[in-house]
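S.K.: Coordinates in input.txt, compact mmCIF, N, CA, C and O atoms, are listed below.
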```txt
# COMPACT_ATOMS: atom_id res chain seq x y z
N MET B 43 78.89 94.74 113.97
CA MET B 43 80.10 94.82 113.21
C MET B 43 79.78 95.11 111.74
O MET B 43 78.86 94.52 111.19
N ILE B 44 80.56 95.97 111.14
CA ILE B 44 80.37 96.33 109.75
C ILE B 44 81.60 95.89 108.97
O ILE B 44 82.73 96.09 109.41
N TYR B 45 81.36 95.28 107.82
CA TYR B 45 82.46 94.82 106.96
C TYR B 45 83.09 96.01 106.26
O TYR B 45 82.41 96.81 105.63
N ASP B 46 84.41 96.13 106.38
CA ASP B 46 85.18 97.17 105.73
C ASP B 46 86.18 96.49 104.81
O ASP B 46 87.17 95.91 105.28
N ALA B 47 85.95 96.53 103.51
CA ALA B 47 86.79 95.82 102.54
C ALA B 47 88.23 96.30 102.56
O ALA B 47 89.16 95.50 102.43
N VAL B 48 88.43 97.60 102.75
CA VAL B 48 89.80 98.15 102.78
C VAL B 48 90.55 97.63 104.01
O VAL B 48 91.69 97.17 103.91
N ALA B 49 89.90 97.70 105.17
CA ALA B 49 90.54 97.21 106.40
C ALA B 49 90.80 95.71 106.33
O ALA B 49 91.85 95.22 106.76
N CYS B 50 89.85 94.98 105.76
CA CYS B 50 90.01 93.53 105.60
C CYS B 50 91.21 93.25 104.71
O CYS B 50 92.04 92.38 105.01
N GLY B 51 91.32 93.96 103.61
CA GLY B 51 92.45 93.79 102.70
C GLY B 51 93.78 94.06 103.38
O GLY B 51 94.77 93.34 103.17
N LYS B 52 93.81 95.08 104.23
CA LYS B 52 95.04 95.40 104.97
C LYS B 52 95.41 94.27 105.92
O LYS B 52 96.58 93.92 106.06
N ARG B 53 94.40 93.68 106.57
CA ARG B 53 94.68 92.58 107.50
C ARG B 53 95.18 91.33 106.75
O ARG B 53 96.07 90.62 107.21
N ILE B 54 94.62 91.10 105.57
CA ILE B 54 95.08 89.98 104.75
C ILE B 54 96.53 90.23 104.34
O ILE B 54 97.38 89.32 104.42
N LYS B 55 96.83 91.44 103.94
CA LYS B 55 98.19 91.80 103.54
C LYS B 55 99.17 91.61 104.71
O LYS B 55 100.25 91.05 104.53
N GLU B 56 98.78 92.06 105.89
CA GLU B 56 99.63 91.89 107.07
C GLU B 56 99.89 90.42 107.38
O GLU B 56 101.02 90.02 107.69
N ALA B 57 98.85 89.60 107.27
CA ALA B 57 99.00 88.17 107.53
C ALA B 57 99.92 87.53 106.48
O ALA B 57 100.74 86.66 106.80
N ARG B 58 99.79 87.97 105.25
CA ARG B 58 100.66 87.47 104.17
C ARG B 58 102.11 87.85 104.43
O ARG B 58 103.02 87.03 104.31
N HIS B 59 102.32 89.10 104.85
CA HIS B 59 103.68 89.57 105.15
C HIS B 59 104.30 88.78 106.30
O HIS B 59 105.49 88.49 106.28
N LYS B 60 103.48 88.46 107.32
CA LYS B 60 103.98 87.68 108.46
C LYS B 60 104.57 86.35 108.01
O LYS B 60 105.50 85.84 108.60
N LEU B 61 103.98 85.79 106.96
CA LEU B 61 104.45 84.51 106.43
C LEU B 61 105.54 84.67 105.37
O LEU B 61 106.05 83.69 104.85
N GLY B 62 105.87 85.92 105.06
CA GLY B 62 106.91 86.18 104.09
C GLY B 62 106.54 85.80 102.66
O GLY B 62 107.40 85.47 101.86
N MET B 63 105.25 85.86 102.35
CA MET B 63 104.76 85.50 101.01
C MET B 63 104.59 86.74 100.16
O MET B 63 104.21 87.79 100.65
N SER B 64 104.83 86.58 98.87
CA SER B 64 104.55 87.65 97.92
C SER B 64 103.10 87.51 97.45
O SER B 64 102.48 86.47 97.64
N GLN B 65 102.60 88.56 96.82
CA GLN B 65 101.25 88.50 96.25
C GLN B 65 101.18 87.41 95.18
O GLN B 65 100.18 86.69 95.11
N VAL B 66 102.23 87.29 94.40
CA VAL B 66 102.26 86.28 93.33
C VAL B 66 102.16 84.89 93.94
O VAL B 66 101.36 84.06 93.50
N GLU B 67 102.97 84.64 94.97
CA GLU B 67 102.97 83.31 95.60
C GLU B 67 101.60 82.97 96.18
O GLU B 67 101.08 81.87 95.96
N LEU B 68 101.00 83.91 96.90
CA LEU B 68 99.71 83.63 97.53
C LEU B 68 98.61 83.48 96.47
O LEU B 68 97.78 82.57 96.57
N SER B 69 98.62 84.33 95.47
CA SER B 69 97.59 84.22 94.44
C SER B 69 97.70 82.88 93.72
O SER B 69 96.67 82.29 93.36
N GLU B 70 98.92 82.37 93.52
CA GLU B 70 99.08 81.05 92.90
C GLU B 70 98.51 79.96 93.80
O GLU B 70 97.84 79.05 93.33
N ARG B 71 98.77 80.07 95.10
CA ARG B 71 98.23 79.08 96.04
C ARG B 71 96.70 79.11 96.07
O ARG B 71 96.06 78.10 96.33
N LEU B 72 96.15 80.30 95.85
CA LEU B 72 94.69 80.46 95.88
C LEU B 72 94.06 80.17 94.52
O LEU B 72 92.83 80.17 94.40
N SER B 73 94.89 79.97 93.51
CA SER B 73 94.44 79.73 92.13
C SER B 73 93.60 80.89 91.58
O SER B 73 92.54 80.71 90.98
N ILE B 74 94.08 82.11 91.86
CA ILE B 74 93.45 83.32 91.33
C ILE B 74 94.54 84.18 90.70
O ILE B 74 95.73 83.99 90.97
N SER B 75 94.15 85.13 89.89
CA SER B 75 95.14 86.00 89.25
C SER B 75 95.74 86.95 90.30
O SER B 75 95.09 87.30 91.29
N THR B 76 96.96 87.37 90.03
CA THR B 76 97.62 88.32 90.93
C THR B 76 96.87 89.65 90.94
O THR B 76 96.75 90.29 91.99
N LYS B 77 96.33 90.04 89.81
CA LYS B 77 95.57 91.29 89.72
C LYS B 77 94.34 91.23 90.63
O LYS B 77 94.05 92.17 91.37
N TYR B 78 93.61 90.11 90.56
CA TYR B 78 92.43 89.94 91.41
C TYR B 78 92.83 89.96 92.89
O TYR B 78 92.21 90.64 93.71
N TYR B 79 93.92 89.25 93.23
CA TYR B 79 94.37 89.23 94.62
C TYR B 79 94.76 90.64 95.07
O TYR B 79 94.42 91.06 96.18
N SER B 80 95.45 91.37 94.21
CA SER B 80 95.85 92.74 94.55
C SER B 80 94.63 93.61 94.84
O SER B 80 94.64 94.42 95.78
N ARG B 81 93.58 93.42 94.07
CA ARG B 81 92.34 94.18 94.29
C ARG B 81 91.70 93.82 95.64
O ARG B 81 91.06 94.66 96.27
N ILE B 82 91.86 92.58 96.08
CA ILE B 82 91.35 92.18 97.40
C ILE B 82 92.11 92.92 98.50
O ILE B 82 91.52 93.48 99.41
N GLU B 83 93.45 92.94 98.38
CA GLU B 83 94.26 93.61 99.40
C GLU B 83 94.00 95.11 99.47
O GLU B 83 94.12 95.70 100.54
N THR B 84 93.67 95.73 98.35
CA THR B 84 93.41 97.17 98.36
C THR B 84 91.96 97.50 98.70
O THR B 84 91.63 98.67 98.87
N GLY B 85 91.11 96.48 98.78
CA GLY B 85 89.72 96.71 99.14
C GLY B 85 88.81 97.03 97.97
O GLY B 85 87.64 97.32 98.15
N TYR B 86 89.34 96.97 96.76
CA TYR B 86 88.52 97.23 95.57
C TYR B 86 87.66 96.04 95.18
O TYR B 86 86.70 96.18 94.44
N GLN B 87 88.01 94.87 95.70
CA GLN B 87 87.26 93.66 95.37
C GLN B 87 87.03 92.88 96.66
O GLN B 87 87.97 92.62 97.40
N ALA B 88 85.80 92.54 96.92
CA ALA B 88 85.48 91.71 98.09
C ALA B 88 85.46 90.25 97.65
O ALA B 88 84.75 89.90 96.72
N PRO B 89 86.25 89.41 98.29
CA PRO B 89 86.27 87.99 97.91
C PRO B 89 85.00 87.27 98.35
O PRO B 89 84.33 87.70 99.29
N SER B 90 84.71 86.19 97.67
CA SER B 90 83.58 85.36 98.06
C SER B 90 83.89 84.70 99.41
O SER B 90 85.05 84.65 99.84
N LEU B 91 82.87 84.19 100.05
CA LEU B 91 83.07 83.49 101.32
C LEU B 91 83.99 82.29 101.12
O LEU B 91 84.88 82.03 101.92
N GLU B 92 83.78 81.58 100.03
CA GLU B 92 84.62 80.41 99.73
C GLU B 92 86.09 80.81 99.62
O GLU B 92 86.97 80.16 100.18
N LEU B 93 86.36 81.93 98.93
CA LEU B 93 87.74 82.40 98.79
C LEU B 93 88.28 82.89 100.13
O LEU B 93 89.44 82.65 100.47
N MET B 94 87.44 83.57 100.92
CA MET B 94 87.88 84.01 102.25
C MET B 94 88.28 82.83 103.12
O MET B 94 89.25 82.89 103.87
N LEU B 95 87.51 81.75 103.03
CA LEU B 95 87.86 80.54 103.79
C LEU B 95 89.22 80.00 103.35
O LEU B 95 90.04 79.61 104.19
N LEU B 96 89.47 80.01 102.06
CA LEU B 96 90.74 79.52 101.54
C LEU B 96 91.89 80.45 101.95
O LEU B 96 92.97 79.99 102.33
N ILE B 97 91.66 81.76 101.90
CA ILE B 97 92.67 82.72 102.33
C ILE B 97 92.98 82.50 103.81
O ILE B 97 94.14 82.45 104.23
N SER B 98 91.94 82.36 104.62
CA SER B 98 92.09 82.13 106.05
C SER B 98 92.93 80.88 106.32
O SER B 98 93.85 80.89 107.14
N LYS B 99 92.60 79.82 105.63
CA LYS B 99 93.32 78.56 105.82
C LYS B 99 94.77 78.68 105.35
O LYS B 99 95.70 78.25 106.04
N THR B 100 94.98 79.28 104.20
CA THR B 100 96.32 79.42 103.63
C THR B 100 97.21 80.30 104.51
O THR B 100 98.39 80.01 104.68
N LEU B 101 96.64 81.36 105.07
CA LEU B 101 97.41 82.27 105.91
C LEU B 101 97.41 81.84 107.38
O LEU B 101 98.05 82.50 108.21
N ASP B 102 96.68 80.78 107.70
CA ASP B 102 96.58 80.28 109.07
C ASP B 102 96.12 81.39 110.03
O ASP B 102 96.72 81.63 111.07
N GLU B 103 95.05 82.06 109.62
CA GLU B 103 94.48 83.17 110.39
C GLU B 103 92.98 82.97 110.44
O GLU B 103 92.37 82.51 109.50
N SER B 104 92.36 83.33 111.57
CA SER B 104 90.92 83.14 111.70
C SER B 104 90.15 84.12 110.81
O SER B 104 90.62 85.22 110.52
N LEU B 105 88.98 83.69 110.38
CA LEU B 105 88.12 84.56 109.58
C LEU B 105 87.73 85.82 110.34
O LEU B 105 87.70 86.91 109.77
N ASP B 106 87.43 85.68 111.62
CA ASP B 106 87.04 86.84 112.43
C ASP B 106 88.12 87.92 112.39
O ASP B 106 87.83 89.10 112.23
N ILE B 107 89.34 87.50 112.54
CA ILE B 107 90.44 88.47 112.55
C ILE B 107 90.62 89.09 111.17
O ILE B 107 90.77 90.30 111.05
N LEU B 108 90.59 88.26 110.12
CA LEU B 108 90.76 88.81 108.77
C LEU B 108 89.61 89.74 108.39
O LEU B 108 89.83 90.81 107.84
N ILE B 109 88.39 89.35 108.67
CA ILE B 109 87.24 90.13 108.23
C ILE B 109 86.96 91.33 109.14
O ILE B 109 86.74 92.44 108.68
N PHE B 110 86.96 91.10 110.45
CA PHE B 110 86.57 92.16 111.38
C PHE B 110 87.70 92.72 112.23
O PHE B 110 87.51 93.70 112.94
N GLY B 111 88.85 92.08 112.22
CA GLY B 111 89.97 92.57 113.01
C GLY B 111 89.93 92.15 114.45
O GLY B 111 90.68 92.64 115.28
N THR B 112 89.04 91.24 114.79
CA THR B 112 88.90 90.78 116.15
C THR B 112 88.47 89.32 116.14
O THR B 112 87.89 88.86 115.17
N ASN B 113 88.75 88.64 117.20
CA ASN B 113 88.30 87.26 117.30
C ASN B 113 87.09 87.23 118.20
O ASN B 113 87.19 87.27 119.42
N SER B 114 85.90 87.21 117.60
CA SER B 114 84.65 87.33 118.37
C SER B 114 84.47 86.17 119.34
O SER B 114 83.83 86.33 120.37
N ASP B 115 85.03 84.99 119.04
CA ASP B 115 84.93 83.87 119.98
C ASP B 115 85.62 84.21 121.29
O ASP B 115 85.10 83.92 122.37
N ILE B 116 86.79 84.84 121.21
CA ILE B 116 87.52 85.23 122.42
C ILE B 116 86.75 86.30 123.17
O ILE B 116 86.62 86.24 124.39
N ILE B 117 86.22 87.28 122.46
CA ILE B 117 85.46 88.35 123.10
C ILE B 117 84.23 87.78 123.79
O ILE B 117 83.92 88.14 124.92
N THR B 118 83.51 86.89 123.11
CA THR B 118 82.33 86.26 123.68
C THR B 118 82.70 85.49 124.95
O THR B 118 82.03 85.60 125.97
N CYS B 119 83.78 84.74 124.90
CA CYS B 119 84.22 83.96 126.05
C CYS B 119 84.59 84.88 127.21
O CYS B 119 84.19 84.64 128.35
N LYS B 120 85.33 85.95 126.94
CA LYS B 120 85.72 86.89 127.99
C LYS B 120 84.48 87.54 128.62
O LYS B 120 84.42 87.71 129.83
N THR B 121 83.50 87.88 127.80
CA THR B 121 82.27 88.49 128.29
C THR B 121 81.52 87.53 129.21
O THR B 121 81.05 87.91 130.28
N GLN B 122 81.44 86.26 128.80
CA GLN B 122 80.76 85.26 129.62
C GLN B 122 81.48 85.05 130.94
O GLN B 122 80.85 84.94 131.99
N ILE B 123 82.80 84.99 130.90
CA ILE B 123 83.59 84.81 132.13
C ILE B 123 83.38 86.00 133.06
O ILE B 123 83.20 85.83 134.27
N LYS B 124 83.41 87.21 132.49
CA LYS B 124 83.22 88.41 133.30
C LYS B 124 81.85 88.39 133.99
O LYS B 124 81.74 88.70 135.18
N LYS B 125 80.80 88.00 133.27
CA LYS B 125 79.46 87.94 133.84
C LYS B 125 79.39 86.91 134.96
O LYS B 125 78.77 87.14 136.00
N LYS B 126 80.03 85.76 134.78
CA LYS B 126 80.03 84.72 135.81
C LYS B 126 80.78 85.18 137.05
O LYS B 126 80.34 84.93 138.18
N ILE B 127 81.89 85.87 136.86
CA ILE B 127 82.64 86.40 138.01
C ILE B 127 81.81 87.42 138.77
O ILE B 127 81.79 87.41 140.01
N GLN B 128 81.11 88.29 138.04
CA GLN B 128 80.25 89.29 138.70
C GLN B 128 79.14 88.60 139.48
O GLN B 128 78.81 89.02 140.59
N PHE B 129 78.55 87.55 138.92
CA PHE B 129 77.50 86.81 139.58
C PHE B 129 78.02 86.16 140.86
O PHE B 129 77.39 86.27 141.93
N ILE B 130 79.16 85.51 140.77
CA ILE B 130 79.75 84.84 141.95
C ILE B 130 80.12 85.88 143.01
O ILE B 130 79.90 85.67 144.20
N SER B 131 80.66 87.01 142.57
CA SER B 131 81.03 88.07 143.49
C SER B 131 79.80 88.60 144.24
O SER B 131 79.84 88.82 145.46
N ALA B 132 78.70 88.77 143.53
CA ALA B 132 77.46 89.23 144.16
C ALA B 132 76.97 88.20 145.17
O ALA B 132 76.52 88.57 146.27
N GLN B 133 77.05 86.92 144.82
CA GLN B 133 76.63 85.87 145.75
C GLN B 133 77.51 85.86 147.00
O GLN B 133 77.00 85.71 148.11
N LEU B 134 78.80 86.03 146.83
CA LEU B 134 79.72 86.07 147.98
C LEU B 134 79.42 87.28 148.87
O LEU B 134 79.50 87.17 150.09
N SER B 135 79.10 88.39 148.24
CA SER B 135 78.75 89.59 149.02
C SER B 135 77.50 89.34 149.85
O SER B 135 77.41 89.74 151.02
N ASP B 136 76.50 88.67 149.26
CA ASP B 136 75.26 88.34 149.98
C ASP B 136 75.55 87.41 151.15
O ASP B 136 75.01 87.59 152.24
N ILE B 137 76.40 86.43 150.92
CA ILE B 137 76.77 85.47 151.99
C ILE B 137 77.51 86.19 153.09
O ILE B 137 77.23 85.99 154.29
N ALA B 138 78.45 87.06 152.72
CA ALA B 138 79.22 87.80 153.72
C ALA B 138 78.33 88.71 154.54
O ALA B 138 78.55 88.90 155.74
N ALA B 139 77.30 89.27 153.93
CA ALA B 139 76.38 90.17 154.63
C ALA B 139 75.57 89.43 155.67
O ALA B 139 75.15 90.02 156.68
N THR B 140 75.33 88.15 155.46
CA THR B 140 74.55 87.37 156.43
C THR B 140 75.37 86.86 157.59
O THR B 140 74.81 86.37 158.57
N LEU B 141 76.68 86.95 157.48
CA LEU B 141 77.55 86.44 158.57
C LEU B 141 77.72 87.40 159.69
O LEU B 141 77.70 88.46 159.82
```
Could I get this structure in the form of structure tokens?
M.R.:
Amino acid sequence: MIYDAVACGKRIKEARHKLGMSQVELSERLSISTKYYSRIETGYQAPSLELMLLISKTLDESLDILIFGTNSDIITCKTQIKKKIQFISAQLSDIAATL
């Protein structure tokens, strides 16, 4: 995965819009200037990890989704489940072949 500041900013903006917050309101909650926050949304400024954590918490959105646009925990879980199903399916095929 590659970090894309512009895409990340768009996802932050979308999450803010979902909550019906203005840039001014969110920047005040984050204790940063509106100009700095605007630069984050446009991708001109990458926030620190500490600020990303605060943005994530304030917007009630996971870091994975804000930063990468996906929830890697869900993808990892789905991949593991898929592998287990394939393993069980292969075992059942082996058992069926012996009957």
S.K.: Give me, please, the distance in Å between atom CA of Lys77 of chain B and atom CA of Asp106 of chain B, quoted to one decimal.
M.R.: 24.7 Å
S.K.: For segment 107-110 of chain B, work out the shell of residues within 8 Å, counting all atoms listed in the file and skipping chain neighbours fewer than 3 positions away, then give it as a list of chain:residue names.
M.R.: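 Near segment 107-110 of chain B, the qualifying residues are B:Met43, B:Ile44, B:Tyr45, B:Asp46, B:Ala47, B:Val48, B:Ala49, B:Cys50, B:Gly51, B:Lys52, B:Arg53, B:Ile54, B:Met94, B:Ser98, B:Glu103, B:Ser104, B:Asn113, B:Ser114.
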S.K.: Give the answer as one residue: which of B:Leu101, B:Ser73, B:Lys124, B:Ile137 has the shortest atom-to-atom distance to His59 of chain B, using only C-alpha atoms?
M.R.: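 Under the stated criterion, the closest residue is B:Leu101.
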S.K.: For atom N of Leu72 of chain B and atom C of Leu96 of chain B, determine how far apart the two atoms are, in Å to one decimal place.
M.R.: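 Computing it gives 7.4 Å between the two atoms.
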S.K.: Which is closer to Glu83 of chain B than all the others in B:Asp102, B:Asp136, B:Glu56, B:Glu67, using only N, CA, C and O atoms?
M.R.: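 Result for the nearest residue to Glu83 of chain B: B:Glu56.
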